[in-house]
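K.L.:
I have a structure I would like to understand better, so I am pasting it below and will then ask my questions one at a time.
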Amino acid sequence: MRFSGFRIVAEALKGHTGWRPLWRDPEPQPAYDYVIVGGGGHGLATAYYLASRFGAARIAVLEKGWLGSGNVARNTTIIRSNYLLAGNEPFYEFSMKLWEGLEQDLNFNAMVSQRGIINLFHTDAQRDAFRRRGNAMMLAGAGARLLDADEVRRMAPFLNHDNARFPIRGGLMQPRAGTARHDGVAWGYARAAARLGVDLIQNCEVTGFRIDNGRLRGVETTRGSIAAGTVGVAVAGSSSRVMAQAGLRLPIESHVLQAFVTEGLKPTIPGVITFGAGHFYISQSDKGGLVFGGDIDGYNSYAQRGGLPVVEDVAEGGMALMPVIGRARLLRMWGGVVDMSMDGSPIIDRTPVDGLYLNGGWCYGGFKATPASGYAFAHLLATGEPHETARAYRLDRFARGYVIDERGAGAQPNLH
Amino acid sequence: MLIPHPLLGPRDAQEFVCLGDARLIERPDPAAADAEAAFCDYVFLRDNPAGVHRELWFHEHGDRSWLVVTRDTVTHAVLGAELARDVALARVGRAP
C-alpha cells in the first residue's frame, strides 16, 4: 500500500477500514544470504538499502525485542552534519543528503524538519575553533554560518545572553540541520524494507555465531539456527556483548546517556541550540515538548536509566542558558545505552571472522547517522568494500594510529 | 551511588571520577617482544561486561586515592571497593 494524500481521503470515505499493518511478522527461514543483527534504525536502514540499492535478496533482520525498541526510540531526534575532521564530515553530510530525500524515498512521513542548529560560543578561542569547523563543513558542502552576538540575540531572545561566566558571543549555525521523528524513521525503514521482501523477525535474540575455521556459517538464535554467509551486526549499545560471542574484544565501553522532555508548550525554540560549555542542548518537538539532554553519566552501564547527579547537572545547564525553562514541567526522562568508542567515532568494518561485519561505536551521535550508516554498511556487506564516505571507520584504525578524535580526549570513552 | 571507601566509609559517587576497566592496572612490559601489540590492546580494548565489572575510580574531591570498585553494570549496585594500591601490590605478590 502506497501512502498519499489521495489514500487518506479514500480511506476516510471508507471509514478507515483499508489500513493494513506496515510490515509482515514472518517465521524465520533456515537460511538467508544476509542476516542483519539488530532491528533498530541502523539495522533496518541497512536491510532497506541492501534490498533497494544493491539488489540483494534473502535478507533477514533479527531483533531481540521489538523493532525500534532501543536507541532509535531514545535519542533526542537531532540531525546535523557539523563535524570538523575529514574522516567524519563527508560521511555525515552524505547522511544529511539522504535525510533530505528520505521521505520520498521511503514513502513515509519521518517529519524531517530542517529548522537549523546553533552551537553557541563564549570566547574568542571558541569562535576561532567554530570558524575552522564551519570552513570544514563548507568544504564538504554542508553549509555553515558564523553568527555574531546580535544575530543570536535576534534569533533566540529567550537565552541568557549576559551570563557572567558564559556570555554568548555568537554561534555556528548549520541551517540545513534539524530534527526528525525518530520512531517514524524506524517504522519507515521497516515498512520500506518489508515491502522489498526483507524478513523482519522480532523476539529473536542471537545467542551465538557458528564459525568454521575462521569463516562465519550462521547464527544461533532463540528461534532456532539460521544459516547465513554474511552477517552484519548493528546493535550499538550492546556491540561488546554480541561480538564477545564471536570471541572479539572491542575498543568500546557501554555508557548510559539520559534525555528529558517537558510538557507541550507553544512554539518557543526556533531550532536546535547547543550549549557545549554547560553540557546542555535543547530543541522543541512538533508536539511542543522541550527535548533536552547533556552529558553521559560517565561509568559503564547497561541499565537504560541514569543517575540523579546528571539530572541535576543538565537542569543547572538549562537554567544557566535559558532561565525561562525553570517554569516548564518535566514530563519524562529516560536513558539509553550507547557504545562509547575509544576516539568518539564509529566503526563500520569487516572483522577478523570472515563474513562477520560490525557497525557500532556510535557514541551519542548515532541517530543523525542512520541513513548513511545503513547505506555504508549495506555497501560493505554487498560489495566487500567500504563506502567512499566511510573509509576511515576501520576497526584496526586504533592499532594503525589513525584515530578520528573530534574531541581530542584520547582513549578515554567517558570524555568523548 | 555510594562507594564504600576502605578508609573513609561510604562516600557519594559524585566525589569520584571513573576511569574504567580495572585491568588498566596491568600495564604491559614495555621491554617485551610483543610490547607494541600488547600496548595497543592495553590502551584501546576494554572488557565491557553486562554484570559484575571491576573499575578504577579516583577520589578527586576527597582523599585523592585510586580505588578498585566492583560494580554491577546492569543494576548499578556497588558490590565493594578496595584501594587500587593494595590490588596492584597483591598482583605482584607483595603484602599491602
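Residues are named by chain letter and number: chains run A, B, ... in the order of the C-alpha cells, numbers start at 1 in each chain, and ligands are numbered from 1 in the order shown.
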Show me which bits of chain A are within 6 Å of chain B, counting only C-alpha atoms, as number ranges by chain.
P.N.:
A: 250-251, 253, 301-303, 399
K.L.:
Hey, can you spit out that residue selection with N, CA and C atoms as a PDB file, in the first residue's frame?
P.N.:
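New file selection_32.pdb:
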ATOM      1  N   LEU A 250      36.334  -5.388  21.872  1.00  0.00           N
ATOM      2  CA  LEU A 250      36.199  -4.184  21.066  1.00  0.00           C
ATOM      3  C   LEU A 250      36.749  -2.949  21.784  1.00  0.00           C
ATOM      4  N   PRO A 251      37.118  -1.924  21.011  1.00  0.00           N
ATOM      5  CA  PRO A 251      37.541  -0.647  21.612  1.00  0.00           C
ATOM      6  C   PRO A 251      36.324   0.189  22.018  1.00  0.00           C
ATOM      7  N   GLU A 253      33.243   0.989  25.258  1.00  0.00           N
ATOM      8  CA  GLU A 253      32.581   0.820  26.559  1.00  0.00           C
ATOM      9  C   GLU A 253      31.120   1.207  26.397  1.00  0.00           C
ATOM     10  N   SER A 301      27.573   1.170  31.916  1.00  0.00           N
ATOM     11  CA  SER A 301      26.213   0.842  32.328  1.00  0.00           C
ATOM     12  C   SER A 301      25.453   0.181  31.184  1.00  0.00           C
ATOM     13  N   TYR A 302      24.657  -0.807  31.533  1.00  0.00           N
ATOM     14  CA  TYR A 302      23.702  -1.407  30.589  1.00  0.00           C
ATOM     15  C   TYR A 302      22.282  -1.212  31.114  1.00  0.00           C
ATOM     16  N   ALA A 303      22.091  -0.266  32.042  1.00  0.00           N
ATOM     17  CA  ALA A 303      20.826  -0.205  32.787  1.00  0.00           C
ATOM     18  C   ALA A 303      19.713   0.506  32.031  1.00  0.00           C
ATOM     19  N   ALA A 399      45.001   0.482  16.118  1.00  0.00           N
ATOM     20  CA  ALA A 399      46.326  -0.127  16.065  1.00  0.00           C
ATOM     21  C   ALA A 399      47.230   0.609  15.076  1.00  0.00           C
TER      22      ALA A 399
END
K.L.:
Contacts of Gly80 (chain B) at 10 Å or less, counting only C-alpha atoms, minus same-chain residues fewer than 6 places along, as a list in words?
P.N.:
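Neighbouring residues, sequence-local ones excluded: Ile3, Pro4, His5, Pro6, Arg54, Leu67, Val68, Val69, Thr70 and Arg71 of chain B.
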K.L.:
Please, could you write that set of residues out with C-alpha atoms as a short mmCIF file (atom, residue, chain, number, x, y, z; two decimals), in the first residue's frame?
P.N.:
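In the end it all went to part_11.cif:
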data_model
loop_
_atom_site.label_atom_id
_atom_site.label_comp_id
_atom_site.auth_asym_id
_atom_site.auth_seq_id
_atom_site.Cartn_x
_atom_site.Cartn_y
_atom_site.Cartn_z
CA ILE B 3 31.04 3.95 47.19
CA PRO B 4 32.29 2.15 50.33
CA HIS B 5 35.72 3.76 50.61
CA PRO B 6 38.01 1.43 52.61
CA ARG B 54 35.83 -4.07 38.26
CA LEU B 67 40.07 2.64 44.24
CA VAL B 68 39.13 -0.58 42.50
CA VAL B 69 35.33 -0.59 42.70
CA THR B 70 33.35 -3.75 41.95
CA ARG B 71 30.00 -2.77 40.48
#
K.L.:
Calculated over only C-alpha atoms, which of the candidates A:Met155, A:Leu102, A:Val242, A:Ala320 has the smallest distance to Gly360 (chain A)?
P.N.:
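Result for the nearest residue to Gly360 (chain A): A:Val242.
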K.L.:
Considering only C-alpha atoms, return as a list in words whatever protein or nucleic-acid residues lie within 6 Å of region 58-63 of chain B, sequence-local ones (same chain, fewer than 2 positions apart) excluded.
P.N.:
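Listed by chain and then number, they are Glu15, Phe16, Val17, Ser65 and Trp66 of chain B.
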K.L.:
Could you check how far CA of Cys204 (chain A) sits from CA of Gly39 (chain A), in Å to one decimal?
P.N.:
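Between these atoms lies a distance of 10.1 Å.
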K.L.:
Please list as number ranges by chain every residue within 8 Å of region 30-33 of chain A, counting only C-alpha atoms and excluding residues in the same chain fewer than 5 positions away.
P.N.:
A: 57-60, 225-230
K.L.:
In region 4-91 of chain B, what's helix (DSSP H, G or I) per DSSP? Answer as a list in words?
P.N.:
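Secondary structure check on region 4-91 of chain B, helix (DSSP H, G or I): Ala13, Gln14, Glu15, Ala22, Arg23, Leu24, Ile25, Ala35, Glu36, Ala37, Ala38, Phe39, Cys40, Asp41, Tyr42, Val43, Phe44, Ala84, Arg85, Asp86, Val87, Ala88, Leu89, Ala90 and Arg91 of chain B.
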K.L.:
Just the selected residues (N, CA and C atoms), exported as a short mmCIF file (atom, residue, chain, number, x, y, z; two decimals), in the first residue's frame, please.
P.N.:
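Contents of part24.cif, freshly written:
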data_model
loop_
_atom_site.label_atom_id
_atom_site.label_comp_id
_atom_site.auth_asym_id
_atom_site.auth_seq_id
_atom_site.Cartn_x
_atom_site.Cartn_y
_atom_site.Cartn_z
N ALA B 13 29.24 8.96 45.04
CA ALA B 13 29.98 8.71 43.80
C ALA B 13 30.33 10.01 43.08
N GLN B 14 29.60 11.10 43.37
CA GLN B 14 29.90 12.38 42.73
C GLN B 14 31.27 12.92 43.13
N GLU B 15 31.82 12.42 44.26
CA GLU B 15 33.15 12.87 44.67
C GLU B 15 34.25 12.23 43.81
N ALA B 22 39.34 -2.00 35.43
CA ALA B 22 40.46 -2.08 36.38
C ALA B 22 41.67 -2.80 35.80
N ARG B 23 41.52 -3.40 34.62
CA ARG B 23 42.70 -4.05 34.03
C ARG B 23 43.74 -3.03 33.59
N LEU B 24 43.40 -1.75 33.65
CA LEU B 24 44.40 -0.71 33.35
C LEU B 24 45.54 -0.73 34.36
N ILE B 25 45.35 -1.41 35.50
CA ILE B 25 46.45 -1.58 36.46
C ILE B 25 47.54 -2.47 35.85
N ALA B 35 55.57 -5.93 22.77
CA ALA B 35 55.11 -4.77 23.54
C ALA B 35 54.16 -3.89 22.73
N GLU B 36 54.42 -3.72 21.42
CA GLU B 36 53.58 -2.81 20.63
C GLU B 36 52.14 -3.31 20.58
N ALA B 37 51.98 -4.60 20.28
CA ALA B 37 50.62 -5.15 20.22
C ALA B 37 49.99 -5.16 21.60
N ALA B 38 50.79 -5.47 22.63
CA ALA B 38 50.25 -5.53 23.99
C ALA B 38 49.78 -4.15 24.43
N PHE B 39 50.54 -3.10 24.08
CA PHE B 39 50.14 -1.75 24.47
C PHE B 39 48.92 -1.29 23.68
N CYS B 40 48.80 -1.72 22.43
CA CYS B 40 47.61 -1.37 21.66
C CYS B 40 46.36 -1.95 22.33
N ASP B 41 46.44 -3.23 22.72
CA ASP B 41 45.31 -3.83 23.44
C ASP B 41 45.06 -3.10 24.75
N TYR B 42 46.14 -2.80 25.46
CA TYR B 42 46.03 -2.17 26.78
C TYR B 42 45.36 -0.80 26.68
N VAL B 43 45.73 -0.02 25.67
CA VAL B 43 45.21 1.34 25.56
C VAL B 43 43.78 1.34 25.01
N PHE B 44 43.49 0.48 24.03
CA PHE B 44 42.25 0.64 23.27
C PHE B 44 41.16 -0.39 23.55
N ALA B 84 43.35 0.74 45.18
CA ALA B 84 44.00 0.22 43.97
C ALA B 84 45.44 -0.18 44.28
N ARG B 85 46.05 0.53 45.23
CA ARG B 85 47.43 0.22 45.63
C ARG B 85 47.52 -1.22 46.16
N ASP B 86 46.55 -1.61 46.99
CA ASP B 86 46.54 -2.97 47.54
C ASP B 86 46.37 -3.99 46.42
N VAL B 87 45.46 -3.68 45.46
CA VAL B 87 45.23 -4.60 44.36
C VAL B 87 46.50 -4.76 43.53
N ALA B 88 47.18 -3.63 43.27
CA ALA B 88 48.38 -3.68 42.45
C ALA B 88 49.50 -4.44 43.15
N LEU B 89 49.63 -4.24 44.46
CA LEU B 89 50.69 -4.94 45.19
C LEU B 89 50.39 -6.44 45.28
N ALA B 90 49.11 -6.78 45.49
CA ALA B 90 48.74 -8.19 45.56
C ALA B 90 49.04 -8.90 44.23
N ARG B 91 48.89 -8.15 43.14
CA ARG B 91 49.14 -8.72 41.82
C ARG B 91 50.58 -9.22 41.69
#
K.L.:
Which value, in Å to one decimal, gives the distance between CA of Ala56 (chain A) and CA of Ala382 (chain A)?
P.N.:
7.4 Å
K.L.:
If we count only C-alpha atoms and set the cut-off at 9 Å, which residues sit around region 110-119 of chain A, ignoring sequence neighbours fewer than 6 positions away in its own chain? Please answer as a VMD selection string.
P.N.:
chain A and resid 78 to 80 99 to 100 102 to 103 130 147 152 170 to 188 270 to 276 281 283 286
K.L.:
So which one's closest to Phe367 (chain A), A:Arg145, A:Arg24, A:Lys97, A:His42? Using only C-alpha atoms, please.
P.N.:
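Checking each of A:Arg145, A:Arg24, A:Lys97, A:His42 against Phe367 (chain A), counting only C-alpha atoms, the winner is A:His42.
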K.L.:
Enter the distance from CA of Gly5 (chain A) to CA of Arg195 (chain A), in Å, rounded to one decimal.
P.N.:
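Those two atoms sit 19.8 Å apart.
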